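Novice: Just so it is clear, I am handing over target34.cif, which has mmCIF, C-alpha atoms.
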```cif
data_structure
#
loop_
_atom_site.label_atom_id
_atom_site.label_comp_id
_atom_site.auth_asym_id
_atom_site.auth_seq_id
_atom_site.Cartn_x
_atom_site.Cartn_y
_atom_site.Cartn_z
CA MET A 1 130.88 92.81 80.41
CA SER A 2 131.34 90.28 83.21
CA LEU A 3 132.72 90.33 86.72
CA LYS A 4 135.45 87.97 85.53
CA ALA A 5 136.92 90.66 83.25
CA ILE A 6 137.02 93.20 86.07
CA ALA A 7 138.53 90.66 88.46
CA LYS A 8 141.21 89.71 85.94
CA GLU A 9 142.12 93.32 85.23
CA LEU A 10 142.52 94.12 88.96
CA GLY A 11 144.05 90.83 90.02
CA LEU A 12 141.18 90.08 92.40
CA SER A 13 138.83 87.14 92.83
CA VAL A 14 135.37 87.27 91.29
CA THR A 15 133.92 86.93 94.79
CA THR A 16 135.79 90.02 96.03
CA VAL A 17 134.65 92.06 93.02
CA SER A 18 131.06 90.95 93.52
CA ARG A 19 131.08 91.78 97.22
CA ALA A 20 132.68 95.16 96.56
CA LEU A 21 129.98 96.10 94.04
CA ASN A 22 127.24 94.91 96.39
CA GLY A 23 128.46 97.03 99.29
CA TYR A 24 129.62 94.32 101.70
CA PHE A 25 131.54 95.77 104.64
CA ASP A 26 134.23 93.07 104.64
CA VAL A 27 135.79 94.66 101.54
CA SER A 28 138.23 97.49 102.25
CA SER A 29 137.32 100.98 101.11
CA GLU A 30 140.44 101.08 98.91
CA THR A 31 139.52 97.83 97.13
CA ARG A 32 135.91 98.91 96.75
CA ALA A 33 137.02 102.20 95.18
CA ARG A 34 139.27 100.36 92.69
CA VAL A 35 136.49 97.96 91.73
CA GLU A 36 133.89 100.69 91.34
CA ALA A 37 136.24 102.81 89.23
CA GLU A 38 137.04 99.89 86.90
CA ALA A 39 133.36 98.93 86.65
CA GLN A 40 132.47 102.51 85.75
CA ARG A 41 135.29 102.70 83.18
CA ARG A 42 134.00 99.57 81.48
CA GLY A 43 130.36 100.63 81.69
CA TYR A 44 129.52 97.57 83.77
CA ARG A 45 125.96 97.25 85.03
CA PRO A 46 125.10 94.44 87.46
CA ASN A 47 122.32 91.95 86.76
CA THR A 48 119.88 93.51 89.19
CA PHE A 49 117.36 90.69 89.09
CA ALA A 50 120.02 88.04 89.75
CA ARG A 51 121.47 90.10 92.58
CA ARG A 52 118.04 90.47 94.16
CA LEU A 53 117.46 86.73 94.04
CA LYS A 54 120.86 85.99 95.52
CA MET A 55 120.71 88.57 98.31
CA GLY A 56 116.99 88.32 99.02
CA LYS A 57 116.56 92.06 98.47
CA ILE A 58 114.03 93.98 96.40
CA ASP A 59 116.07 97.21 96.15
CA ALA A 60 112.97 99.27 96.87
CA VAL A 61 111.80 101.26 99.88
CA GLY A 62 108.27 102.52 100.39
CA LEU A 63 107.41 105.91 101.88
CA VAL A 64 103.97 105.83 103.52
CA PHE A 65 102.17 109.16 103.84
CA PRO A 66 98.58 109.99 104.84
CA VAL A 67 95.84 110.84 102.37
CA HIS A 68 94.27 113.22 104.91
CA PRO A 69 95.77 115.75 105.14
CA VAL A 70 97.77 115.43 101.93
CA PRO A 71 101.39 116.53 102.56
CA LEU A 72 102.30 116.73 98.86
CA ASN A 73 101.41 120.44 98.75
CA ASN A 74 104.05 121.05 101.42
CA SER A 75 107.27 122.17 99.74
CA VAL A 76 109.38 121.21 102.76
CA PHE A 77 108.05 117.65 102.74
CA MET A 78 108.48 117.27 98.99
CA ASP A 79 112.03 118.65 99.06
CA MET A 80 112.86 116.08 101.73
CA VAL A 81 111.28 113.25 99.70
CA GLY A 82 113.24 114.28 96.63
CA GLU A 83 116.52 114.24 98.54
CA ILE A 84 115.78 110.83 100.12
CA SER A 85 115.03 109.43 96.66
CA HIS A 86 118.24 110.95 95.27
CA GLN A 87 120.37 109.47 98.05
CA LEU A 88 118.81 105.98 97.78
CA ALA A 89 119.19 106.03 94.00
CA GLN A 90 122.95 106.22 94.45
CA HIS A 91 122.66 102.73 95.97
CA GLU A 92 120.30 101.62 93.16
CA ILE A 93 117.33 101.55 95.53
CA ASP A 94 113.99 102.90 94.34
CA LEU A 95 111.72 105.01 96.55
CA LEU A 96 108.01 104.23 96.14
CA LEU A 97 105.35 106.65 97.39
CA ILE A 98 102.45 104.90 99.12
CA ALA A 99 99.38 106.99 99.95
CA ASP A 100 97.52 105.54 102.90
CA ASP A 101 93.94 106.19 103.97
CA ASP A 102 93.62 105.67 107.71
CA LEU A 103 89.87 105.14 107.28
CA ALA A 104 90.27 102.23 104.87
CA ASP A 105 89.73 98.61 105.92
CA LYS A 106 92.84 97.46 104.09
CA HIS A 107 95.97 99.56 104.03
CA SER A 108 98.03 99.73 100.85
CA TYR A 109 101.33 99.58 102.71
CA MET A 110 100.41 96.19 104.20
CA ARG A 111 99.92 94.78 100.70
CA MET A 112 103.48 95.86 99.96
CA VAL A 113 104.66 94.15 103.14
CA GLN A 114 102.75 90.91 102.62
CA SER A 115 103.86 90.56 99.00
CA ARG A 116 107.42 91.58 99.94
CA ARG A 117 107.62 94.29 97.29
CA VAL A 118 109.81 96.54 99.44
CA ASP A 119 112.78 95.95 101.75
CA ALA A 120 111.64 98.52 104.32
CA LEU A 121 109.14 101.30 104.88
CA ILE A 122 109.51 104.94 105.85
CA VAL A 123 106.37 106.05 107.68
CA ALA A 124 105.76 109.81 107.56
CA HIS A 125 103.52 112.05 109.67
CA THR A 126 103.25 109.65 112.59
CA LEU A 127 100.71 109.81 115.41
CA ASP A 128 101.43 109.70 119.14
CA ASN A 129 99.69 106.33 119.15
CA ASP A 130 100.10 105.11 115.59
CA PRO A 131 98.30 101.89 114.54
CA ARG A 132 100.44 101.70 111.38
CA LEU A 133 103.63 101.40 113.42
CA GLU A 134 102.02 98.94 115.81
CA GLN A 135 100.98 96.77 112.86
CA LEU A 136 104.42 96.85 111.27
CA GLN A 137 106.15 96.10 114.56
CA ALA A 138 103.82 93.14 115.19
CA ALA A 139 104.61 91.84 111.69
CA GLY A 140 108.35 92.15 112.33
CA PHE A 141 108.82 94.28 109.21
CA PRO A 142 111.64 96.88 109.13
CA PHE A 143 110.46 100.49 109.20
CA LEU A 144 111.77 103.96 109.96
CA ALA A 145 109.25 106.32 111.57
CA LEU A 146 109.50 110.01 110.71
CA GLY A 147 108.36 111.09 114.15
CA ARG A 148 108.15 109.48 117.56
CA SER A 149 105.27 107.34 118.77
CA HIS A 150 104.37 105.16 121.75
CA LEU A 151 105.27 101.55 120.94
CA PRO A 152 105.85 98.50 123.17
CA LYS A 153 109.30 97.78 121.69
CA PRO A 154 112.24 99.91 120.46
CA TYR A 155 112.02 101.03 116.84
CA ALA A 156 113.95 103.16 114.36
CA TRP A 157 112.90 106.80 114.18
CA PHE A 158 114.04 110.18 112.90
CA ASP A 159 112.51 113.33 114.30
CA PHE A 160 112.96 117.04 114.85
CA ASP A 161 112.47 118.55 118.27
CA ASN A 162 109.22 120.19 117.23
CA TYR A 163 108.33 121.06 120.81
CA ALA A 164 111.56 123.02 121.26
CA GLY A 165 110.97 124.93 118.01
CA THR A 166 107.72 126.62 119.06
CA TYR A 167 108.64 126.72 122.76
CA ASN A 168 111.83 128.67 122.11
CA ALA A 169 110.18 130.94 119.53
CA THR A 170 107.35 131.79 121.94
CA ARG A 171 109.77 132.35 124.82
CA ARG A 172 111.77 134.71 122.59
CA LEU A 173 108.65 136.75 121.81
CA ILE A 174 107.72 136.87 125.50
CA GLY A 175 111.23 138.11 126.27
CA GLN A 176 110.66 140.94 123.80
CA GLY A 177 107.61 142.04 125.79
CA HIS A 178 104.79 140.39 123.80
CA GLN A 179 101.90 139.18 125.96
CA ARG A 180 99.30 138.49 123.25
CA ILE A 181 100.79 135.78 121.07
CA ALA A 182 98.78 133.82 118.50
CA LEU A 183 99.51 130.40 117.03
CA LEU A 184 98.22 129.37 113.62
CA GLY A 185 98.26 125.56 113.83
CA GLU A 186 97.19 122.65 111.70
CA SER A 187 93.91 121.00 112.65
CA ASN A 188 95.05 117.38 112.97
CA ASN A 189 96.54 115.10 115.62
CA GLN A 190 99.79 114.12 113.90
CA ALA A 191 102.62 113.96 116.41
CA PHE A 192 104.72 116.83 115.08
CA ILE A 193 101.67 119.12 115.08
CA THR A 194 100.69 118.30 118.67
CA GLN A 195 104.32 118.74 119.77
CA ARG A 196 104.55 122.19 118.19
CA ARG A 197 101.24 123.22 119.74
CA GLN A 198 102.33 121.99 123.17
CA GLY A 199 105.61 123.91 123.00
CA TYR A 200 103.65 127.11 122.40
CA LEU A 201 101.15 126.36 125.18
CA ASP A 202 103.82 125.49 127.74
CA ALA A 203 105.78 128.66 127.04
CA LEU A 204 102.66 130.78 127.57
CA ASN A 205 101.65 128.86 130.68
CA GLU A 206 105.07 129.32 132.29
CA ALA A 207 104.76 133.07 131.74
CA GLY A 208 101.15 133.18 132.99
CA LEU A 209 99.86 134.30 129.58
CA SER A 210 96.63 133.44 127.79
CA SER A 211 96.37 131.10 124.80
CA GLU A 212 93.08 132.64 123.60
CA TRP A 213 94.67 133.55 120.27
CA LEU A 214 95.37 129.91 119.36
CA ARG A 215 93.70 128.99 116.06
CA THR A 216 93.60 125.65 114.23
CA MET A 217 92.89 125.25 110.52
CA PRO A 218 93.78 123.26 107.38
CA PRO A 219 97.37 123.79 106.14
CA SER A 220 96.77 126.33 103.37
CA ARG A 221 97.83 129.84 102.44
CA ARG A 222 94.19 130.93 102.30
CA ALA A 223 93.60 129.72 105.88
CA GLY A 224 96.69 131.56 107.13
CA TYR A 225 95.66 134.71 105.27
CA THR A 226 92.03 134.87 106.42
CA THR A 227 92.81 133.82 110.00
CA THR A 228 95.43 136.56 110.32
CA GLN A 229 92.94 139.11 109.04
CA ALA A 230 90.35 137.90 111.57
CA LEU A 231 92.82 137.99 114.46
CA LEU A 232 93.86 141.57 113.75
CA ALA A 233 90.20 142.63 113.53
CA LEU A 234 89.63 141.62 117.16
CA ASP A 235 89.11 144.32 119.77
CA VAL A 236 92.10 142.86 121.60
CA ALA A 237 94.38 141.63 118.82
CA PRO A 238 97.65 139.70 119.14
CA THR A 239 100.92 141.58 118.83
CA ALA A 240 102.80 138.48 117.64
CA ILE A 241 101.99 135.41 115.54
CA VAL A 242 103.73 132.03 115.36
CA THR A 243 102.77 129.62 112.57
CA ASP A 244 103.43 125.88 112.77
CA CYS A 245 103.92 125.43 109.01
CA ASN A 246 105.15 127.63 106.19
CA THR A 247 101.90 127.52 104.20
CA HIS A 248 100.11 129.20 107.13
CA GLY A 249 103.12 131.45 107.45
CA ASP A 250 102.99 132.53 103.81
CA GLY A 251 99.31 133.42 104.14
CA ALA A 252 99.94 135.32 107.37
CA ALA A 253 102.85 137.22 105.85
CA MET A 254 100.74 138.23 102.83
CA ALA A 255 97.93 139.47 105.06
CA LEU A 256 100.30 141.47 107.27
CA ALA A 257 102.12 142.90 104.26
CA GLN A 258 98.84 144.09 102.69
CA MET A 259 97.83 145.68 106.00
CA ARG A 260 101.29 147.31 106.31
CA ARG A 261 101.79 145.43 109.58
CA LEU A 262 104.72 143.19 108.61
CA THR A 263 107.43 145.78 109.31
CA GLY A 264 107.59 149.26 110.76
CA GLU A 265 106.44 150.81 114.03
CA ASN A 266 103.00 149.11 113.97
CA ALA A 267 104.33 145.71 112.92
CA VAL A 268 103.04 142.41 114.26
CA ALA A 269 105.94 140.08 115.09
CA LEU A 270 105.82 136.98 112.89
CA VAL A 271 107.69 133.68 113.26
CA VAL A 272 107.19 131.03 110.57
CA TYR A 273 108.08 127.37 111.14
CA ASP A 274 110.39 126.27 108.27
CA GLY A 275 110.51 129.83 106.90
CA LEU A 276 108.56 131.15 103.94
CA PRO A 277 108.30 128.92 100.84
CA GLN A 278 110.72 129.66 98.02
CA ASP A 279 107.85 130.77 95.77
CA SER A 280 106.46 133.27 98.29
CA ILE A 281 105.57 136.69 96.90
CA VAL A 282 106.65 138.24 100.20
CA ASP A 283 110.27 139.33 99.78
CA ILE A 284 110.95 140.30 103.41
CA ASP A 285 113.29 138.17 105.50
CA VAL A 286 110.76 136.70 107.94
CA ALA A 287 111.81 135.25 111.31
CA ALA A 288 111.80 131.46 111.20
CA VAL A 289 112.32 128.24 113.06
CA ILE A 290 114.78 126.37 110.84
CA GLN A 291 115.01 122.60 111.18
CA SER A 292 117.85 121.85 108.74
CA THR A 293 118.73 121.84 105.08
CA ARG A 294 116.66 119.41 103.03
CA GLN A 295 119.90 117.90 101.73
CA GLY A 296 121.15 117.14 105.22
CA VAL A 297 117.83 115.66 106.32
CA GLY A 298 117.46 113.54 103.18
CA LYS A 299 120.95 112.10 103.52
CA GLN A 300 120.44 111.34 107.21
CA ILE A 301 117.16 109.49 106.58
CA ALA A 302 118.53 107.59 103.58
CA ASP A 303 121.59 106.49 105.58
CA MET A 304 119.35 105.26 108.39
CA VAL A 305 117.21 103.27 105.95
CA LEU A 306 120.31 101.61 104.50
CA GLN A 307 121.44 100.63 108.00
CA LEU A 308 117.96 99.32 108.73
CA ILE A 309 118.02 97.13 105.63
CA ASN A 310 121.46 95.85 106.58
CA GLY A 311 120.09 94.74 109.96
CA ASP A 312 121.89 97.26 112.19
CA ASP A 313 120.88 97.65 115.83
CA ILE A 314 117.55 99.51 115.97
CA SER A 315 118.47 101.22 119.24
CA GLN A 316 121.26 103.01 117.34
CA LEU A 317 118.81 104.27 114.70
CA GLN A 318 117.08 106.96 116.75
CA VAL A 319 117.97 110.54 115.81
CA LEU A 320 116.58 113.82 117.18
CA TRP A 321 117.59 117.02 115.38
CA GLN A 322 117.46 120.39 117.17
CA PRO A 323 115.93 123.40 115.37
CA GLU A 324 117.57 126.80 115.10
CA PHE A 325 116.05 130.28 115.19
CA SER A 326 116.55 132.84 112.44
CA PRO A 327 115.45 136.32 113.62
CA GLY A 328 114.97 137.85 110.19
CA GLN A 329 113.23 141.26 110.13
CA THR A 330 109.99 140.29 111.87
CA ALA A 331 110.85 139.07 115.37
#
```
The structure in this file should be written as structure tokens.
Specialist:
Amino acid sequence: MSLKAIAKELGLSVTTVSRALNGYFDVSSETRARVEAEAQRRGYRPNTFARRLKMGKIDAVGLVFPVHPVPLNNSVFMDMVGEISHQLAQHEIDLLLIADDDLADKHSYMRMVQSRRVDALIVAHTLDNDPRLEQLQAAGFPFLALGRSHLPKPYAWFDFDNYAGTYNATRRLIGQGHQRIALLGESNNQAFITQRRQGYLDALNEAGLSSEWLRTMPPSRRAGYTTTQALLALDVAPTAIVTDCNTHGDGAAMALAQMRRLTGENAVALVVYDGLPQDSIVDIDVAAVIQSTRQGVGKQIADMVLQLINGDDISQLQVLWQPEFSPGQTA
């Protein structure tokens, strides 16, 4: 089935039909809808290879994520990746996962750039000073950073206000009278982790409280579980715990539940960043810092990538989302 048949049926030129199907903005939304409906009715599928040659596009986007620590065991991250892939697929763009080892001499994402196998990159788990972003910016290659970094020129980024999440949660606990507040944090220097840690520290400092119950560890349920047990075994134990990821939070909630300290008169207040995972065995509504729905985040990021590919102004592709607090039963 050719473009000519669709054009003839609708009384349009072949050029207009082609531009409508390829998403050009100079075609009205009404015309585009008519063309897409007729193409779908006829079962028309474009010649993807020919379109790529003509438009100079690969119709693929790479998502770069670190090997250490591996984020694929994080349900929040994977839900977001799935939604980004779903949204891009609606525009017939593939999402490729690219694991990157920051200790390697040659980075896999640069091979994708140099061989032009992707139209743009999404770079996850950024650092405050990220050599990956510096390299991509120097190469003039389009990228969207999931997190803010220090770069010499403007760049496209999407981020949550991670600092505000833990800052507000800690301030809330202080307002409830807690003076011994622990933080279970990830033991790495990725930007969102350092921002969450700093929010907690600043809130304590402003109130003149100690941060001696701060603990850093790998992002695992076991680490959250054993660290919570160790904290509560101290002679002077914390009365509240904030976790900077939901894997720590799940472990902490399990430990508190087993010790009968999750609810009731002797409860330890618990706030979990991103809330408990869906597969958690703890069925209590735990207080949480909620960033957004995965669907909303995925759509936002996918839309920004499409604008990036289309050459939109980078200064307009900088989005900061504010977290919300859900009190649940534990804080």
Novice: Step by step, work through what the PyMOL selection byres ((chain A and resi 252) around 6) selects in the shown file, and finish by giving those residues as a PyMOL selection string.
Specialist: chain A and resi 224-225+228+249-251+253-255
Novice: If the PyMOL selection byres ((chain A and resi 315) around 9) is run on the structure shown, which residues does it catch, given as number ranges by chain?
Specialist: A: 154-156, 312-314, 316-318
Novice: Could those selected residues go to a file with C-alpha atoms, as an mmCIF file, keeping the file's coordinate frame?
Specialist:
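To be explicit, this is the file written out as again-v1.cif:
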```
data_model
loop_
_atom_site.group_PDB
_atom_site.id
_atom_site.type_symbol
_atom_site.label_atom_id
_atom_site.label_comp_id
_atom_site.auth_asym_id
_atom_site.auth_seq_id
_atom_site.Cartn_x
_atom_site.Cartn_y
_atom_site.Cartn_z
ATOM 1 C CA PRO A 154 112.240 99.910 120.460
ATOM 2 C CA TYR A 155 112.020 101.030 116.840
ATOM 3 C CA ALA A 156 113.950 103.160 114.360
ATOM 4 C CA ASP A 312 121.890 97.260 112.190
ATOM 5 C CA ASP A 313 120.880 97.650 115.830
ATOM 6 C CA ILE A 314 117.550 99.510 115.970
ATOM 7 C CA GLN A 316 121.260 103.010 117.340
ATOM 8 C CA LEU A 317 118.810 104.270 114.700
ATOM 9 C CA GLN A 318 117.080 106.960 116.750
#
```
Novice: Neighbouring residues of A:Asp128 were defined as those with any atom within 10 Å, considering all atoms listed in the file; residues of the same chain fewer than 5 positions away were excluded. Please report them as a VMD selection string.
Specialist: chain A and resid 147 to 151 189 to 192 194 to 195
Novice: Interatomic distance between atom CA of A:Gln278 and atom CA of A:Glu83?
Specialist: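 If I compute the distance from atom CA of A:Gln278 to atom CA of A:Glu83, I get 16.5 Å.
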Novice: Evaluate the PyMOL selection byres ((chain A and resi 4-11) around 10) against this structure - the residues, as a list in words, please.
Specialist: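 On the file shown, the PyMOL selection byres ((chain A and resi 4-11) around 10) covers Met1, Ser2, Leu3, Leu12, Ser13, Val14, Thr15, Thr16, Val17, Ser18, Thr31, Arg34, Val35, Glu36, Glu38, Ala39, Arg42 and Tyr44 of chain A.
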Novice: Please write out, as AutoDock Vina command-line options, where the centre of an axis-aligned box around all listed atoms of stretch 152-166 of chain A lies and how long its edges are, in Å to one decimal, after adding 5 Å on each side.
Specialist:
```
--center_x 109.9 --center_y 112.2 --center_z 118.0 --size_x 18.2 --size_y 38.8 --size_z 20.3
```
Novice: So, with only C-alpha atoms as the atoms that count, which of A:Ala257, A:Ala331, A:Met80, A:Ala233 lies closest to A:Ile301?
Specialist: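 Using only C-alpha atoms, the shortest distance to A:Ile301 belongs to A:Met80.
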Novice: In Å, how far is it from atom CA of A:Ser220 to atom CA of A:Leu201?
Specialist: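 That distance, rounded to one decimal, is 22.2 Å.
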Novice: Given the point (89.5, 123.8, 114.0) in the coordinates of this file, which residues lie within 9 Å, counting all atoms listed in the file, and how would they look as a CSV table (one decimal) with C-alpha atoms, in the frame of the given file?
Specialist:
```csv
chain,number,residue,atom,x,y,z
A,185,GLY,CA,98.3,125.6,113.8
A,186,GLU,CA,97.2,122.6,111.7
A,187,SER,CA,93.9,121.0,112.6
A,188,ASN,CA,95.0,117.4,113.0
A,215,ARG,CA,93.7,129.0,116.1
A,216,THR,CA,93.6,125.6,114.2
A,217,MET,CA,92.9,125.2,110.5
A,218,PRO,CA,93.8,123.3,107.4
```
Novice: Provide the atom CA of A:Cys245 to atom CA of A:Asp202 distance in Å, to one decimal place.
Specialist: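 Going from atom CA of A:Cys245 over to atom CA of A:Asp202 covers 18.7 Å.
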Novice: Of the residues A:Val76, A:Glu265, A:Leu204, A:Ala182, which is the one nearest to A:Ala230, using all atoms listed in the file?
Specialist: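 Result for the nearest residue to A:Ala230: A:Ala182.
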Novice: List as a ChimeraX atom specification the protein and nucleic acid residues near A:Thr243, meaning an atom at most 6 Å away when only C-alpha atoms are counted, but skip any in the same chain fewer than 3 places from it.
Specialist: /A:183-184,249,272-273
Novice: Please fill the gaps in stretch 310-320 of chain A so it has all heavy atoms, and write that as a PDB file, in the coordinates of the input.
Specialist:
```pdb
ATOM      1  N   ASN A 310     120.300  96.701 106.306  1.00  0.00           N
ATOM      2  CA  ASN A 310     121.460  95.850 106.580  1.00  0.00           C
ATOM      3  C   ASN A 310     121.370  95.148 107.942  1.00  0.00           C
ATOM      4  O   ASN A 310     122.268  94.391 108.313  1.00  0.00           O
ATOM      5  CB  ASN A 310     122.751  96.683 106.529  1.00  0.00           C
ATOM      6  CG  ASN A 310     123.119  97.078 105.112  1.00  0.00           C
ATOM      7  OD1 ASN A 310     122.782  96.378 104.163  1.00  0.00           O
ATOM      8  ND2 ASN A 310     123.795  98.204 104.961  1.00  0.00           N
ATOM      9  N   GLY A 311     120.296  95.431 108.691  1.00  0.00           N
ATOM     10  CA  GLY A 311     120.090  94.740 109.960  1.00  0.00           C
ATOM     11  C   GLY A 311     120.829  95.334 111.144  1.00  0.00           C
ATOM     12  O   GLY A 311     121.075  94.642 112.126  1.00  0.00           O
ATOM     13  N   ASP A 312     121.185  96.625 111.067  1.00  0.00           N
ATOM     14  CA  ASP A 312     121.890  97.260 112.190  1.00  0.00           C
ATOM     15  C   ASP A 312     120.981  97.359 113.421  1.00  0.00           C
ATOM     16  O   ASP A 312     119.755  97.279 113.322  1.00  0.00           O
ATOM     17  CB  ASP A 312     122.375  98.650 111.788  1.00  0.00           C
ATOM     18  CG  ASP A 312     123.547  98.600 110.822  1.00  0.00           C
ATOM     19  OD1 ASP A 312     123.855  97.498 110.346  1.00  0.00           O
ATOM     20  OD2 ASP A 312     124.135  99.648 110.538  1.00  0.00           O
ATOM     21  N   ASP A 313     121.589  97.567 114.562  1.00  0.00           N
ATOM     22  CA  ASP A 313     120.880  97.650 115.830  1.00  0.00           C
ATOM     23  C   ASP A 313     119.879  98.806 115.819  1.00  0.00           C
ATOM     24  O   ASP A 313     120.258  99.968 115.631  1.00  0.00           O
ATOM     25  CB  ASP A 313     121.885  97.841 116.969  1.00  0.00           C
ATOM     26  CG  ASP A 313     121.230  97.837 118.344  1.00  0.00           C
ATOM     27  OD1 ASP A 313     119.998  97.667 118.425  1.00  0.00           O
ATOM     28  OD2 ASP A 313     121.967  97.997 119.334  1.00  0.00           O
ATOM     29  N   ILE A 314     118.602  98.499 116.026  1.00  0.00           N
ATOM     30  CA  ILE A 314     117.550  99.510 115.970  1.00  0.00           C
ATOM     31  C   ILE A 314     117.760 100.595 117.014  1.00  0.00           C
ATOM     32  O   ILE A 314     117.472 101.777 116.775  1.00  0.00           O
ATOM     33  CB  ILE A 314     116.162  98.850 116.139  1.00  0.00           C
ATOM     34  CG1 ILE A 314     115.786  98.104 114.857  1.00  0.00           C
ATOM     35  CG2 ILE A 314     115.096  99.887 116.459  1.00  0.00           C
ATOM     36  CD1 ILE A 314     114.457  97.398 114.936  1.00  0.00           C
ATOM     37  N   SER A 315     118.280 100.230 118.174  1.00  0.00           N
ATOM     38  CA  SER A 315     118.470 101.220 119.240  1.00  0.00           C
ATOM     39  C   SER A 315     119.480 102.290 118.851  1.00  0.00           C
ATOM     40  O   SER A 315     119.524 103.359 119.469  1.00  0.00           O
ATOM     41  CB  SER A 315     118.921 100.528 120.533  1.00  0.00           C
ATOM     42  OG  SER A 315     120.201  99.931 120.370  1.00  0.00           O
ATOM     43  N   GLN A 316     120.290 102.026 117.829  1.00  0.00           N
ATOM     44  CA  GLN A 316     121.260 103.010 117.340  1.00  0.00           C
ATOM     45  C   GLN A 316     120.683 103.850 116.210  1.00  0.00           C
ATOM     46  O   GLN A 316     121.355 104.745 115.700  1.00  0.00           O
ATOM     47  CB  GLN A 316     122.536 102.298 116.867  1.00  0.00           C
ATOM     48  CG  GLN A 316     123.214 101.467 117.949  1.00  0.00           C
ATOM     49  CD  GLN A 316     123.583 102.282 119.169  1.00  0.00           C
ATOM     50  OE1 GLN A 316     124.168 103.354 119.046  1.00  0.00           O
ATOM     51  NE2 GLN A 316     123.226 101.792 120.350  1.00  0.00           N
ATOM     52  N   LEU A 317     119.447 103.551 115.810  1.00  0.00           N
ATOM     53  CA  LEU A 317     118.810 104.270 114.700  1.00  0.00           C
ATOM     54  C   LEU A 317     117.677 105.135 115.251  1.00  0.00           C
ATOM     55  O   LEU A 317     116.513 105.007 114.882  1.00  0.00           O
ATOM     56  CB  LEU A 317     118.279 103.275 113.667  1.00  0.00           C
ATOM     57  CG  LEU A 317     119.329 102.378 113.003  1.00  0.00           C
ATOM     58  CD1 LEU A 317     118.689 101.399 112.035  1.00  0.00           C
ATOM     59  CD2 LEU A 317     120.381 103.226 112.281  1.00  0.00           C
ATOM     60  N   GLN A 318     118.030 106.040 116.143  1.00  0.00           N
ATOM     61  CA  GLN A 318     117.080 106.960 116.750  1.00  0.00           C
ATOM     62  C   GLN A 318     117.740 108.332 116.818  1.00  0.00           C
ATOM     63  O   GLN A 318     118.676 108.546 117.598  1.00  0.00           O
ATOM     64  CB  GLN A 318     116.670 106.470 118.142  1.00  0.00           C
ATOM     65  CG  GLN A 318     115.979 105.112 118.114  1.00  0.00           C
ATOM     66  CD  GLN A 318     115.708 104.544 119.488  1.00  0.00           C
ATOM     67  OE1 GLN A 318     116.299 104.967 120.473  1.00  0.00           O
ATOM     68  NE2 GLN A 318     114.811 103.576 119.564  1.00  0.00           N
ATOM     69  N   VAL A 319     117.284 109.251 115.977  1.00  0.00           N
ATOM     70  CA  VAL A 319     117.970 110.540 115.810  1.00  0.00           C
ATOM     71  C   VAL A 319     116.995 111.687 116.038  1.00  0.00           C
ATOM     72  O   VAL A 319     115.913 111.731 115.441  1.00  0.00           O
ATOM     73  CB  VAL A 319     118.574 110.653 114.391  1.00  0.00           C
ATOM     74  CG1 VAL A 319     119.176 112.038 114.179  1.00  0.00           C
ATOM     75  CG2 VAL A 319     119.626 109.572 114.190  1.00  0.00           C
ATOM     76  N   LEU A 320     117.375 112.622 116.913  1.00  0.00           N
ATOM     77  CA  LEU A 320     116.580 113.820 117.180  1.00  0.00           C
ATOM     78  C   LEU A 320     117.395 115.045 116.807  1.00  0.00           C
ATOM     79  O   LEU A 320     118.453 115.292 117.375  1.00  0.00           O
ATOM     80  CB  LEU A 320     116.194 113.866 118.670  1.00  0.00           C
ATOM     81  CG  LEU A 320     115.321 115.050 119.095  1.00  0.00           C
ATOM     82  CD1 LEU A 320     113.948 114.972 118.431  1.00  0.00           C
ATOM     83  CD2 LEU A 320     115.174 115.091 120.616  1.00  0.00           C
TER      84      LEU A 320
END
```
